>>> print(open('model.pdb').read())   # PDB, C-alpha atoms
ATOM      1  CA  GLY J  78     -19.433  60.191  22.711
ATOM      2  CA  VAL J  79     -20.656  58.836  26.032
ATOM      3  CA  ALA J  80     -21.753  55.206  25.850
ATOM      4  CA  GLY J  81     -19.922  53.179  28.480
ATOM      5  CA  SER J  82     -16.455  51.780  28.822
ATOM      6  CA  SER J  83     -17.142  48.794  26.548
ATOM      7  CA  MET J  84     -18.258  50.879  23.570
ATOM      8  CA  GLY J  85     -15.250  49.514  21.706
ATOM      9  CA  SER J  86     -16.722  46.022  21.990
ATOM     10  CA  ALA J  87     -20.063  47.163  20.582
ATOM     11  CA  ALA J  88     -18.363  49.116  17.800
ATOM     12  CA  HIS J  89     -16.290  46.013  16.967
ATOM     13  CA  ILE J  90     -19.510  44.083  16.343
ATOM     14  CA  ALA J  91     -21.523  46.881  14.723
ATOM     15  CA  ALA J  92     -18.698  47.559  12.257
ATOM     16  CA  ALA J  93     -18.569  43.840  11.345
ATOM     17  CA  VAL J  94     -14.982  43.479  12.513
ATOM     18  CA  GLY J  95     -16.204  40.371  14.326
ATOM     19  CA  THR J  96     -19.403  38.750  15.520
ATOM     20  CA  LEU J  97     -18.754  38.509  19.281
ATOM     21  CA  SER J  98     -16.986  40.437  21.999
ATOM     22  CA  VAL J  99     -16.722  40.747  25.786
ATOM     23  CA  GLY J 100     -17.272  43.796  27.968
ATOM     24  CA  ASN J 101     -17.064  44.874  31.595
ATOM     25  CA  ASP J 102     -20.160  46.294  33.262
ATOM     26  CA  ALA J 103     -20.052  48.131  36.594
ATOM     27  CA  ALA J 104     -22.867  50.542  35.793
ATOM     28  CA  GLY J 105     -24.150  49.445  32.394
ATOM     29  CA  SER J 106     -21.040  49.282  30.240
ATOM     30  CA  VAL J 107     -22.176  46.152  28.433
ATOM     31  CA  ARG J 108     -25.802  47.247  28.066
ATOM     32  CA  MET J 109     -25.310  50.958  27.339
ATOM     33  CA  PRO J 110     -23.003  50.416  24.334
ATOM     34  CA  ALA J 111     -25.157  47.493  23.185
ATOM     35  CA  SER J 112     -28.135  49.863  23.152
ATOM     36  CA  PHE J 113     -26.376  52.743  21.402
ATOM     37  CA  GLY J 114     -24.547  50.344  19.065
ATOM     38  CA  GLY J 115     -27.606  48.348  18.019
ATOM     39  CA  VAL J 116     -26.280  44.979  19.191
ATOM     40  CA  PHE J 117     -27.177  42.457  21.890
ATOM     41  CA  GLY J 118     -25.374  42.263  25.224
ATOM     42  CA  ILE J 119     -25.957  40.643  28.593
ATOM     43  CA  LYS J 120     -24.599  41.359  32.049
ATOM     44  CA  PRO J 121     -24.952  37.945  33.671
ATOM     45  CA  THR J 122     -25.624  37.166  37.302
ATOM     46  CA  PHE J 123     -22.775  38.520  39.437
ATOM     47  CA  GLY J 124     -20.012  35.940  39.682
ATOM     48  CA  MET J 125     -21.174  33.787  36.765
ATOM     49  CA  VAL J 126     -18.182  35.003  34.770
ATOM     50  CA  ALA J 127     -15.157  35.206  37.040
ATOM     51  CA  SER J 128     -13.276  38.504  37.084
ATOM     52  CA  TYR J 129      -9.538  38.759  37.521
ATOM     53  CA  PRO J 130      -7.979  41.211  38.008
ATOM     54  CA  PRO J 131     -10.915  42.417  40.103
ATOM     55  CA  SER J 132     -13.051  45.332  38.978
ATOM     56  CA  SER J 133     -12.097  48.717  40.400
ATOM     57  CA  ALA J 134     -15.836  49.080  41.132
ATOM     58  CA  GLY J 135     -15.697  46.170  43.581
ATOM     59  CA  ILE J 136     -19.010  44.349  44.024
ATOM     60  CA  LEU J 137     -20.612  46.348  41.220
ATOM     61  CA  GLY J 138     -18.389  44.904  38.481
ATOM     62  CA  HIS J 139     -19.583  42.211  36.051
ATOM     63  CA  THR J 140     -18.189  40.688  32.859
ATOM     64  CA  GLY J 141     -20.487  39.766  30.001
ATOM     65  CA  PRO J 142     -20.683  38.937  26.289
ATOM     66  CA  MET J 143     -21.998  40.929  23.338
ATOM     67  CA  GLY J 144     -22.991  39.807  19.860
ATOM     68  CA  TRP J 145     -25.296  40.327  16.918
ATOM     69  CA  GLY J 146     -27.863  37.822  18.097
ATOM     70  CA  VAL J 147     -29.053  36.068  21.219
ATOM     71  CA  ALA J 148     -28.051  32.502  20.336
ATOM     72  CA  GLU J 149     -24.392  33.207  19.552
ATOM     73  CA  THR J 150     -24.091  35.504  22.572
ATOM     74  CA  ALA J 151     -25.555  32.793  24.801
ATOM     75  CA  LEU J 152     -22.990  30.370  23.372
ATOM     76  CA  LEU J 153     -20.156  32.759  24.218
ATOM     77  CA  LEU J 154     -21.547  33.142  27.736
ATOM     78  CA  SER J 155     -21.451  29.367  28.178
ATOM     79  CA  VAL J 156     -17.780  29.414  27.152
ATOM     80  CA  ILE J 157     -16.600  32.235  29.421
ATOM     81  CA  ALA J 158     -18.768  31.364  32.441
ATOM     82  CA  GLY J 159     -17.125  29.543  35.299
ATOM     83  CA  PRO J 160     -15.088  29.941  38.448
ATOM     84  CA  ASP J 161     -11.596  31.252  39.025
ATOM     85  CA  PRO J 162      -9.909  30.634  42.390
ATOM     86  CA  ARG J 163      -8.588  34.209  42.310
ATOM     87  CA  ASP J 164     -12.142  35.626  42.288
ATOM     88  CA  PRO J 165     -13.786  35.107  45.694
ATOM     89  CA  PHE J 166     -17.235  35.836  44.215
ATOM     90  CA  SER J 167     -17.068  33.484  41.232
ATOM     91  CA  LEU J 168     -19.799  30.864  40.992
ATOM     92  CA  PRO J 169     -19.589  27.200  39.989
ATOM     93  CA  ARG J 170     -20.031  26.607  36.279
ATOM     94  CA  GLN J 171     -23.687  26.878  35.280
ATOM     95  CA  PRO J 172     -25.422  24.653  32.704
ATOM     96  CA  ALA J 173     -25.287  26.187  29.237
ATOM     97  CA  VAL J 174     -28.492  27.674  27.840
ATOM     98  CA  THR J 175     -29.010  25.448  24.813
ATOM     99  CA  SER J 176     -31.101  26.007  21.700
ATOM    100  CA  PRO J 177     -34.218  24.188  22.993
ATOM    101  CA  ASP J 178     -34.204  26.429  26.084
ATOM    102  CA  LEU J 179     -33.787  29.568  23.997
ATOM    103  CA  GLU J 180     -36.658  28.607  21.710
ATOM    104  CA  ALA J 181     -39.142  27.827  24.519
ATOM    105  CA  GLY J 182     -40.922  31.157  24.050
ATOM    106  CA  VAL J 183     -42.654  33.397  26.574
ATOM    107  CA  SER J 184     -46.230  32.126  26.442
ATOM    108  CA  GLY J 185     -47.599  32.356  29.977
ATOM    109  CA  MET J 186     -44.519  34.189  31.249
ATOM    110  CA  ARG J 187     -45.221  36.877  33.873
ATOM    111  CA  ILE J 188     -43.578  40.075  32.698
ATOM    112  CA  ALA J 189     -43.366  43.464  34.432
ATOM    113  CA  TYR J 190     -42.846  46.609  32.368
ATOM    114  CA  SER J 191     -41.486  49.820  33.866
ATOM    115  CA  PRO J 192     -40.754  52.595  31.355
ATOM    116  CA  SER J 193     -39.122  54.828  33.989
ATOM    117  CA  LEU J 194     -38.195  52.673  37.023
ATOM    118  CA  GLY J 195     -39.669  55.580  38.963
ATOM    119  CA  ILE J 196     -36.432  57.512  38.346
ATOM    120  CA  ARG J 197     -37.054  59.580  35.196
ATOM    121  CA  GLU J 198     -39.183  59.434  32.077
ATOM    122  CA  PRO J 199     -37.325  58.416  28.918
ATOM    123  CA  HIS J 200     -37.241  60.371  25.683
ATOM    124  CA  ARG J 201     -40.561  60.094  23.854
ATOM    125  CA  GLN J 202     -39.033  57.995  21.039
ATOM    126  CA  VAL J 203     -37.481  55.605  23.578
ATOM    127  CA  ARG J 204     -40.845  55.319  25.322
ATOM    128  CA  ALA J 205     -42.656  54.617  22.061
ATOM    129  CA  SER J 206     -40.200  51.856  21.125
ATOM    130  CA  THR J 207     -40.289  50.148  24.508
ATOM    131  CA  ASP J 208     -44.091  50.435  24.698
ATOM    132  CA  ALA J 209     -44.220  48.655  21.348
ATOM    133  CA  ALA J 210     -41.814  45.992  22.649
ATOM    134  CA  ALA J 211     -44.050  45.346  25.664
ATOM    135  CA  LYS J 212     -46.994  44.868  23.307
ATOM    136  CA  ALA J 213     -44.891  42.451  21.246
ATOM    137  CA  PHE J 214     -44.402  40.318  24.354
ATOM    138  CA  GLU J 215     -48.162  40.315  24.872
ATOM    139  CA  SER J 216     -48.631  39.163  21.281
ATOM    140  CA  LEU J 217     -46.241  36.284  22.053
ATOM    141  CA  GLY J 218     -48.530  35.136  24.854
ATOM    142  CA  ALA J 219     -46.875  36.720  27.888
ATOM    143  CA  ASN J 220     -48.835  38.429  30.641
ATOM    144  CA  VAL J 221     -47.444  41.980  30.802
ATOM    145  CA  GLU J 222     -48.171  44.360  33.679
ATOM    146  CA  ALA J 223     -46.986  47.935  34.265
ATOM    147  CA  VAL J 224     -45.029  48.006  37.549
ATOM    148  CA  ASP J 225     -42.436  50.333  39.116
ATOM    149  CA  PRO J 226     -40.205  48.715  41.784
ATOM    150  CA  ASP J 227     -39.268  50.960  44.716
ATOM    151  CA  PHE J 228     -35.787  52.232  43.892
ATOM    152  CA  SER J 229     -35.879  55.168  46.297
ATOM    153  CA  GLY J 230     -32.487  55.470  47.957
ATOM    154  CA  LEU J 231     -30.757  53.817  44.996
ATOM    155  CA  ILE J 232     -28.677  56.668  43.635
ATOM    156  CA  GLU J 233     -27.213  57.841  46.941
ATOM    157  CA  ALA J 234     -26.190  54.283  47.895
ATOM    158  CA  TYR J 235     -24.802  53.528  44.445
ATOM    159  CA  ASP J 236     -22.736  56.711  44.416
ATOM    160  CA  CYS J 237     -21.176  55.885  47.774
ATOM    161  CA  ILE J 238     -20.287  52.275  46.896
ATOM    162  CA  ARG J 239     -18.979  53.187  43.444
ATOM    163  CA  ILE J 240     -16.925  56.173  44.532
ATOM    164  CA  VAL J 241     -15.367  54.579  47.611
ATOM    165  CA  ASN J 242     -14.458  51.384  45.744
ATOM    166  CA  ARG J 243     -12.967  53.220  42.778
ATOM    167  CA  ALA J 244     -10.974  55.611  44.968
ATOM    168  CA  ALA J 245      -9.640  52.667  46.971
ATOM    169  CA  ALA J 246      -8.578  50.947  43.736
ATOM    170  CA  TYR J 247      -6.789  54.091  42.544
ATOM    171  CA  HIS J 248      -4.903  54.325  45.831
ATOM    172  CA  ARG J 249      -3.969  50.614  45.782
ATOM    173  CA  SER J 250      -2.548  50.980  42.285
ATOM    174  CA  GLY J 251      -0.579  54.073  43.194
ATOM    175  CA  ALA J 252      -2.548  56.212  40.729
ATOM    176  CA  GLY J 253      -4.094  58.135  43.598
ATOM    177  CA  ALA J 254      -0.749  59.774  44.252
ATOM    178  CA  ARG J 255      -0.766  61.221  40.728
ATOM    179  CA  ARG J 256      -4.089  63.005  40.868
ATOM    180  CA  SER J 257      -2.836  65.917  38.764
ATOM    181  CA  GLU J 258      -2.183  63.539  35.855
ATOM    182  CA  MET J 259      -5.711  62.101  35.865
ATOM    183  CA  ASP J 260      -8.714  63.001  33.772
ATOM    184  CA  GLU J 261     -10.712  65.485  35.842
ATOM    185  CA  LEU J 262     -13.769  63.236  36.168
ATOM    186  CA  VAL J 263     -11.558  60.396  37.436
ATOM    187  CA  ALA J 264      -9.613  62.629  39.790
ATOM    188  CA  ARG J 265     -12.843  63.997  41.196
ATOM    189  CA  VAL J 266     -13.695  60.501  42.489
ATOM    190  CA  ILE J 267     -10.765  60.701  44.920
ATOM    191  CA  ASP J 268     -12.033  64.002  46.292
ATOM    192  CA  GLN J 269     -15.612  62.731  46.502
ATOM    193  CA  ALA J 270     -14.552  59.613  48.400
ATOM    194  CA  ALA J 271     -12.963  61.721  51.121
ATOM    195  CA  ALA J 272     -16.393  63.141  51.965
ATOM    196  CA  TYR J 273     -17.834  59.712  52.889
ATOM    197  CA  SER J 274     -17.586  58.265  56.394
ATOM    198  CA  THR J 275     -17.450  54.617  57.406
ATOM    199  CA  ALA J 276     -21.058  54.973  58.550
ATOM    200  CA  ASP J 277     -22.031  56.262  55.095
ATOM    201  CA  TYR J 278     -20.477  53.235  53.437
ATOM    202  CA  VAL J 279     -22.153  50.779  55.825
ATOM    203  CA  ALA J 280     -25.507  52.493  55.226
ATOM    204  CA  ALA J 281     -24.985  52.262  51.460
ATOM    205  CA  LEU J 282     -24.309  48.534  51.734
ATOM    206  CA  ALA J 283     -27.474  48.162  53.826
ATOM    207  CA  GLU J 284     -29.463  49.939  51.105
ATOM    208  CA  ARG J 285     -27.931  47.601  48.520
ATOM    209  CA  ASP J 286     -29.118  44.692  50.651
ATOM    210  CA  ARG J 287     -32.628  46.206  50.775
ATOM    211  CA  LEU J 288     -32.749  46.559  47.014
ATOM    212  CA  THR J 289     -31.492  42.997  46.557
ATOM    213  CA  VAL J 290     -34.216  41.605  48.818
ATOM    214  CA  LEU J 291     -36.796  43.838  47.128
ATOM    215  CA  MET J 292     -35.954  42.446  43.707
ATOM    216  CA  ARG J 293     -35.762  38.855  44.899
ATOM    217  CA  GLU J 294     -39.299  39.264  46.220
ATOM    218  CA  PHE J 295     -40.280  41.059  43.005
ATOM    219  CA  HIS J 296     -39.199  38.069  40.938
ATOM    220  CA  GLU J 297     -41.344  35.757  43.034
ATOM    221  CA  THR J 298     -44.188  37.394  41.087
ATOM    222  CA  TYR J 299     -42.563  38.362  37.783
ATOM    223  CA  ASP J 300     -40.295  36.229  35.623
ATOM    224  CA  VAL J 301     -38.633  39.200  33.933
ATOM    225  CA  LEU J 302     -38.764  42.979  34.021
ATOM    226  CA  LEU J 303     -38.679  45.162  30.899
ATOM    227  CA  THR J 304     -37.320  48.716  30.904
ATOM    228  CA  PRO J 305     -35.678  50.974  28.356
ATOM    229  CA  THR J 306     -31.926  50.437  28.344
ATOM    230  CA  MET J 307     -31.254  54.167  28.004
ATOM    231  CA  ALA J 308     -33.339  57.208  28.884
ATOM    232  CA  VAL J 309     -31.970  59.189  25.942
ATOM    233  CA  LEU J 310     -31.332  58.701  22.252
ATOM    234  CA  PRO J 311     -27.753  57.987  21.079
ATOM    235  CA  LEU J 312     -25.680  61.055  21.900
ATOM    236  CA  PRO J 313     -23.743  63.162  19.389
ATOM    237  CA  ILE J 314     -20.000  62.563  19.166
ATOM    238  CA  GLY J 315     -18.175  64.591  21.797
ATOM    239  CA  THR J 316     -21.085  64.741  24.223
ATOM    240  CA  GLY J 317     -20.155  64.147  27.851
ATOM    241  CA  PRO J 318     -20.436  65.412  31.403
ATOM    242  CA  GLY J 319     -19.581  69.069  31.852
ATOM    243  CA  PRO J 320     -17.518  70.700  34.603
ATOM    244  CA  ASP J 321     -20.608  71.091  36.790
ATOM    245  CA  ASP J 322     -21.705  67.455  36.394
ATOM    246  CA  ALA J 323     -20.500  65.644  39.494
ATOM    247  CA  HIS J 324     -21.075  62.098  38.203
ATOM    248  CA  TRP J 325     -20.565  60.129  34.979
ATOM    249  CA  TYR J 326     -24.331  59.669  34.511
ATOM    250  CA  LEU J 327     -25.094  63.412  34.408
ATOM    251  CA  ILE J 328     -25.014  65.640  31.341
ATOM    252  CA  GLY J 329     -26.184  69.186  31.936
ATOM    253  CA  GLY J 330     -27.407  68.075  35.336
ATOM    254  CA  GLU J 331     -29.763  65.465  33.844
ATOM    255  CA  ILE J 332     -29.368  61.732  34.368
ATOM    256  CA  TRP J 333     -29.014  60.040  30.978
ATOM    257  CA  SER J 334     -28.553  56.395  32.008
ATOM    258  CA  PRO J 335     -30.717  55.672  35.073
ATOM    259  CA  TYR J 336     -31.941  52.161  34.247
ATOM    260  CA  THR J 337     -28.778  50.055  34.086
ATOM    261  CA  PHE J 338     -26.840  50.507  37.346
ATOM    262  CA  PRO J 339     -29.737  49.464  39.634
ATOM    263  CA  PHE J 340     -29.065  45.886  38.546
ATOM    264  CA  ASN J 341     -25.355  46.115  39.220
ATOM    265  CA  MET J 342     -26.408  46.907  42.771
ATOM    266  CA  THR J 343     -28.698  43.876  42.958
ATOM    267  CA  HIS J 344     -26.398  41.520  40.968
ATOM    268  CA  GLN J 345     -29.209  40.373  38.660
ATOM    269  CA  PRO J 346     -28.812  39.311  35.030
ATOM    270  CA  ALA J 347     -29.824  42.066  32.619
ATOM    271  CA  ALA J 348     -29.586  42.292  28.843
ATOM    272  CA  SER J 349     -30.049  44.937  26.177
ATOM    273  CA  ILE J 350     -31.639  44.020  22.862
ATOM    274  CA  PRO J 351     -32.400  46.367  19.954
ATOM    275  CA  CYS J 352     -36.065  47.385  19.881
ATOM    276  CA  GLY J 353     -36.285  50.289  17.453
ATOM    277  CA  LEU J 354     -34.654  53.041  15.446
ATOM    278  CA  THR J 355     -34.877  56.779  15.844
ATOM    279  CA  GLU J 356     -36.982  59.020  13.646
ATOM    280  CA  ALA J 357     -35.369  62.243  12.483
ATOM    281  CA  ASP J 358     -36.100  65.379  14.488
ATOM    282  CA  ASP J 359     -34.374  68.715  15.113
ATOM    283  CA  THR J 360     -31.516  67.144  17.083
ATOM    284  CA  THR J 361     -31.397  63.465  16.052
ATOM    285  CA  PRO J 362     -30.928  61.784  12.665
ATOM    286  CA  ALA J 363     -33.047  58.836  11.652
ATOM    287  CA  GLY J 364     -31.916  55.244  12.044
ATOM    288  CA  LEU J 365     -30.027  55.321  15.360
ATOM    289  CA  PRO J 366     -30.572  52.301  17.635
ATOM    290  CA  ILE J 367     -32.857  52.147  20.679
ATOM    291  CA  GLY J 368     -32.467  49.325  23.225
ATOM    292  CA  LEU J 369     -34.826  47.365  25.463
ATOM    293  CA  GLN J 370     -33.488  46.091  28.802
ATOM    294  CA  VAL J 371     -34.632  42.649  29.967
ATOM    295  CA  VAL J 372     -33.925  41.853  33.629
ATOM    296  CA  GLY J 373     -34.268  38.524  35.422
ATOM    297  CA  GLY J 374     -34.031  37.244  38.964
ATOM    298  CA  MET J 375     -30.730  36.080  40.375
ATOM    299  CA  HIS J 376     -29.398  33.003  38.542
ATOM    300  CA  ARG J 377     -32.209  33.172  35.957
ATOM    301  CA  ASP J 378     -30.003  34.176  33.060
ATOM    302  CA  ASP J 379     -31.818  31.440  31.158
ATOM    303  CA  LEU J 380     -35.109  33.330  31.401
ATOM    304  CA  VAL J 381     -33.496  36.575  30.275
ATOM    305  CA  LEU J 382     -31.963  34.887  27.228
ATOM    306  CA  ARG J 383     -35.183  33.034  26.465
ATOM    307  CA  ALA J 384     -37.247  36.229  26.621
ATOM    308  CA  CYS J 385     -34.735  38.070  24.454
ATOM    309  CA  ARG J 386     -34.719  35.285  21.893
ATOM    310  CA  ALA J 387     -38.530  35.294  21.746
ATOM    311  CA  TYR J 388     -38.535  39.046  21.174
ATOM    312  CA  GLU J 389     -35.755  38.739  18.604
ATOM    313  CA  THR J 390     -38.042  36.580  16.456
ATOM    314  CA  THR J 391     -40.514  39.468  16.157
ATOM    315  CA  ARG J 392     -37.962  41.818  14.577
ATOM    316  CA  VAL J 393     -35.909  41.753  11.400
ATOM    317  CA  TRP J 394     -32.329  42.587  12.316
ATOM    318  CA  SER J 395     -30.151  44.164   9.666
ATOM    319  CA  ARG J 396     -26.501  43.337  10.098
ATOM    320  CA  PRO J 397     -23.462  43.767   7.862
ATOM    321  CA  ALA J 398     -21.681  40.703   6.527
ATOM    322  CA  CYS J 399     -18.383  40.066   8.301
ATOM    323  CA  SER J 400     -15.433  39.930   5.976
ATOM    324  CA  PHE J 401     -12.027  38.705   7.162
ATOM    325  CA  ARG J 402      -9.116  39.527   4.860
ATOM    326  CA  GLY J 403      -5.499  38.498   4.852
ATOM    327  CA  GLY J 404      -3.669  35.244   5.285
ATOM    328  CA  ALA J 405      -2.728  33.332   8.391
ATOM    329  CA  GLN J 406      -0.417  35.156  10.779
TER     330      GLN J 406
END
>>> encode(input="model.pdb", output="structure tokens")
Amino acid sequence: GVAGSSMGSAAHIAAAVGTLSVGNDAAGSVRMPASFGGVFGIKPTFGMVASYPPSSAGILGHTGPMGWGVAETALLLSVIAGPDPRDPFSLPRQPAVTSPDLEAGVSGMRIAYSPSLGIREPHRQVRASTDAAAKAFESLGANVEAVDPDFSGLIEAYDCIRIVNRAAAYHRSGAGARRSEMDELVARVIDQAAAYSTADYVAALAERDRLTVLMREFHETYDVLLTPTMAVLPLPIGTGPGPDDAHWYLIGGEIWSPYTFPFNMTHQPAASIPCGLTEADDTTPAGLPIGLQVVGGMHRDDLVLRACRAYETTRVWSRPACSFRGGAQ
């Protein structure tokens, strides 16, 4: 089913093959599978984890860790973070987020909560779970306020940047010359890119700049922002975009993952942490995971991890025991 390109990493953890993994996130592909897989994952500040070879999504691409819990995932982040001379956007190594930082709690923290980001309302069960999570933060002493940042113009700008960068990567690799051999959704990107002008691309970058400034100002007031990770419940196996769905995030013309890619545009750290399980209804079985997204200002990965760890203490996580068989290879 649809869940993001790093669903294998989430499945690796959820199936107890291992306790940690790494994913790539250009639109949510660490956070979306973390949400649907019932594990924790963080897309760090852009450039914190160097990327080479570069992402085909260009400035939208991030690399981040996934794990069962916040502490071990934070430890993995401290290991993989750091510069690479081949990545022009990579940042100097950041101080590790240590246990005392993680356990500092959220008392007095200023938290914004947006259940829709002004884009679309989530499924009622998603909304109920994330509403309950916001109340949990209040019970931990945080000041929580309902706020919707202004993401008007987001989708058009994101589409342009994503499509043009991916098409350029396909052409550089030579794959663009073999369009007939591509998956139809991938091949369509090449056709879509041809419809954009240079002026369109420059305007999209300007809108990305506006959103970045908007969120930097937003985080002058709020330490973190809470949203659902996904707008929908975990999808049945085999679900995906149809022939009339022009973009990966559409199924039957409806956007199913509107809350993750805004923060690829703005380069902020954003994590997904389990916040509930589905109740059985006509279309969904009981017990499927629901995720809460926790977003911080640029370079405040520490606050995101700290908030997630505080929330983690309010929930009992059920996880399988990892079992490694076989001798040394």
>>> residues_near_point(input="model.pdb", point="(-12.0, 63.3, 45.1)", cutoff="12 Å", atoms="all atoms listed in the file", output="count of residues only")
28
>>> atom_distance(input="model.pdb", atom1="CA of Val301 in chain J", atom2="CA of Arg383 in chain J")
10.3 Å
>>> residues_around(input="model.pdb", residues="range 126-142 of chain J", least_positions_apart="2", cutoff="9 Å", atoms="all atoms listed in the file", output="PyMOL selection string")
chain J and resi 97-104+107+117-124+144+150-151+153-154+157-168+170+235+238-247+338+340-344
>>> closest_residue(input="model.pdb", among="J:Glu222, J:Glu215, J:Glu198, J:Asp286", to="Tyr299 in chain J", atoms="all atoms listed in the file")
J:Glu222
>>> closest_residue(input="model.pdb", among="J:Ser206, J:Met125, J:Pro199, J:Leu382", to="Gln171 in chain J", atoms="only C-alpha atoms")
J:Met125
>>> resolve_selection(input="model.pdb", expression="the PyMOL selection byres ((chain J and resi 307) around 8)", output="list in words")
Met109, Ser112, Pro199, Val203, Pro305, Thr306, Ala308, Val309, Leu310, Trp333, Ser334, Pro335, Tyr336, Thr337, Ile367 and Gly368 of chain J
>>> resolve_selection(input="model.pdb", expression="the PyMOL selection byres ((chain J and resi 318) around 9)", output="PyMOL selection string")
chain J and resi 79+262+316-317+319-330
>>> closest_residue(input="model.pdb", among="J:Cys237, J:Leu288, J:Ile196, J:Leu302", to="Ala223 in chain J", atoms="only C-alpha atoms")
J:Leu302
>>> residues_around(input="model.pdb", residues="Ala189 in chain J", least_positions_apart="5", cutoff="10 Å", atoms="only C-alpha atoms", output="list in words")
Ala211, Asn220, Val221, Glu222, Ala223, Val224, Asp225, Pro226, Phe295, His296, Thr298, Tyr299, Asp300, Val301, Leu302, Leu303, Thr304, Val371 and Val372 of chain J
>>> atom_distance(input="model.pdb", atom1="CA of Leu152 in chain J", atom2="CA of Thr391 in chain J")
21.0 Å
>>> atom_distance(input="model.pdb", atom1="CA of Gly218 in chain J", atom2="CA of Val183 in chain J")
6.4 Å
>>> closest_residue(input="model.pdb", among="J:Arg377, J:Ala173, J:Glu149, J:Ala384", to="Phe214 in chain J", atoms="all atoms listed in the file")
J:Ala384
>>> closest_residue(input="model.pdb", among="J:Pro339, J:Gly315, J:Pro177, J:Gly114", to="Leu365 in chain J", atoms="all atoms listed in the file")
J:Gly114
>>> decode(input="model.pdb", residues="range 257-271 of chain J", atoms="N, CA and C atoms", output="JSON list (two decimals), in the first residue's frame")
[["chain", "number", "residue", "atom", "x", "y", "z"],
["J", 257, "SER", "N", 9.29, 5.05, -21.72],
["J", 257, "SER", "CA", 8.35, 3.95, -21.92],
["J", 257, "SER", "C", 8.59, 2.79, -20.96],
["J", 258, "GLU", "N", 9.78, 2.74, -20.35],
["J", 258, "GLU", "CA", 10.09, 1.66, -19.42],
["J", 258, "GLU", "C", 9.76, 2.02, -17.97],
["J", 259, "MET", "N", 9.33, 3.26, -17.74],
["J", 259, "MET", "CA", 9.08, 3.74, -16.39],
["J", 259, "MET", "C", 7.68, 3.39, -15.91],
["J", 260, "ASP", "N", 7.53, 3.31, -14.59],
["J", 260, "ASP", "CA", 6.21, 3.31, -13.99],
["J", 260, "ASP", "C", 5.47, 4.57, -14.45],
["J", 261, "GLU", "N", 4.18, 4.45, -14.70],
["J", 261, "GLU", "CA", 3.43, 5.56, -15.29],
["J", 261, "GLU", "C", 3.46, 6.81, -14.43],
["J", 262, "LEU", "N", 3.37, 6.65, -13.10],
["J", 262, "LEU", "CA", 3.39, 7.83, -12.23],
["J", 262, "LEU", "C", 4.74, 8.53, -12.28],
["J", 263, "VAL", "N", 5.83, 7.76, -12.44],
["J", 263, "VAL", "CA", 7.16, 8.35, -12.57],
["J", 263, "VAL", "C", 7.31, 9.02, -13.92],
["J", 264, "ALA", "N", 6.88, 8.33, -14.95],
["J", 264, "ALA", "CA", 7.00, 8.89, -16.31],
["J", 264, "ALA", "C", 6.20, 10.18, -16.45],
["J", 265, "ARG", "N", 5.08, 10.24, -15.75],
["J", 265, "ARG", "CA", 4.24, 11.43, -15.85],
["J", 265, "ARG", "C", 4.97, 12.67, -15.37],
["J", 266, "VAL", "N", 5.91, 12.50, -14.42],
["J", 266, "VAL", "CA", 6.67, 13.65, -13.91],
["J", 266, "VAL", "C", 7.42, 14.35, -15.04],
["J", 267, "ILE", "N", 7.97, 13.58, -15.97],
["J", 267, "ILE", "CA", 8.71, 14.17, -17.09],
["J", 267, "ILE", "C", 7.78, 15.02, -17.95],
["J", 268, "ASP", "N", 6.58, 14.52, -18.19],
["J", 268, "ASP", "CA", 5.61, 15.30, -18.97],
["J", 268, "ASP", "C", 5.15, 16.54, -18.22],
["J", 269, "GLN", "N", 4.93, 16.39, -16.91],
["J", 269, "GLN", "CA", 4.48, 17.53, -16.11],
["J", 269, "GLN", "C", 5.55, 18.63, -16.06],
["J", 270, "ALA", "N", 6.80, 18.24, -15.98],
["J", 270, "ALA", "CA", 7.88, 19.22, -15.89],
["J", 270, "ALA", "C", 7.94, 20.09, -17.13],
["J", 271, "ALA", "N", 7.61, 19.52, -18.27],
["J", 271, "ALA", "CA", 7.67, 20.28, -19.52],
["J", 271, "ALA", "C", 6.68, 21.43, -19.56]]
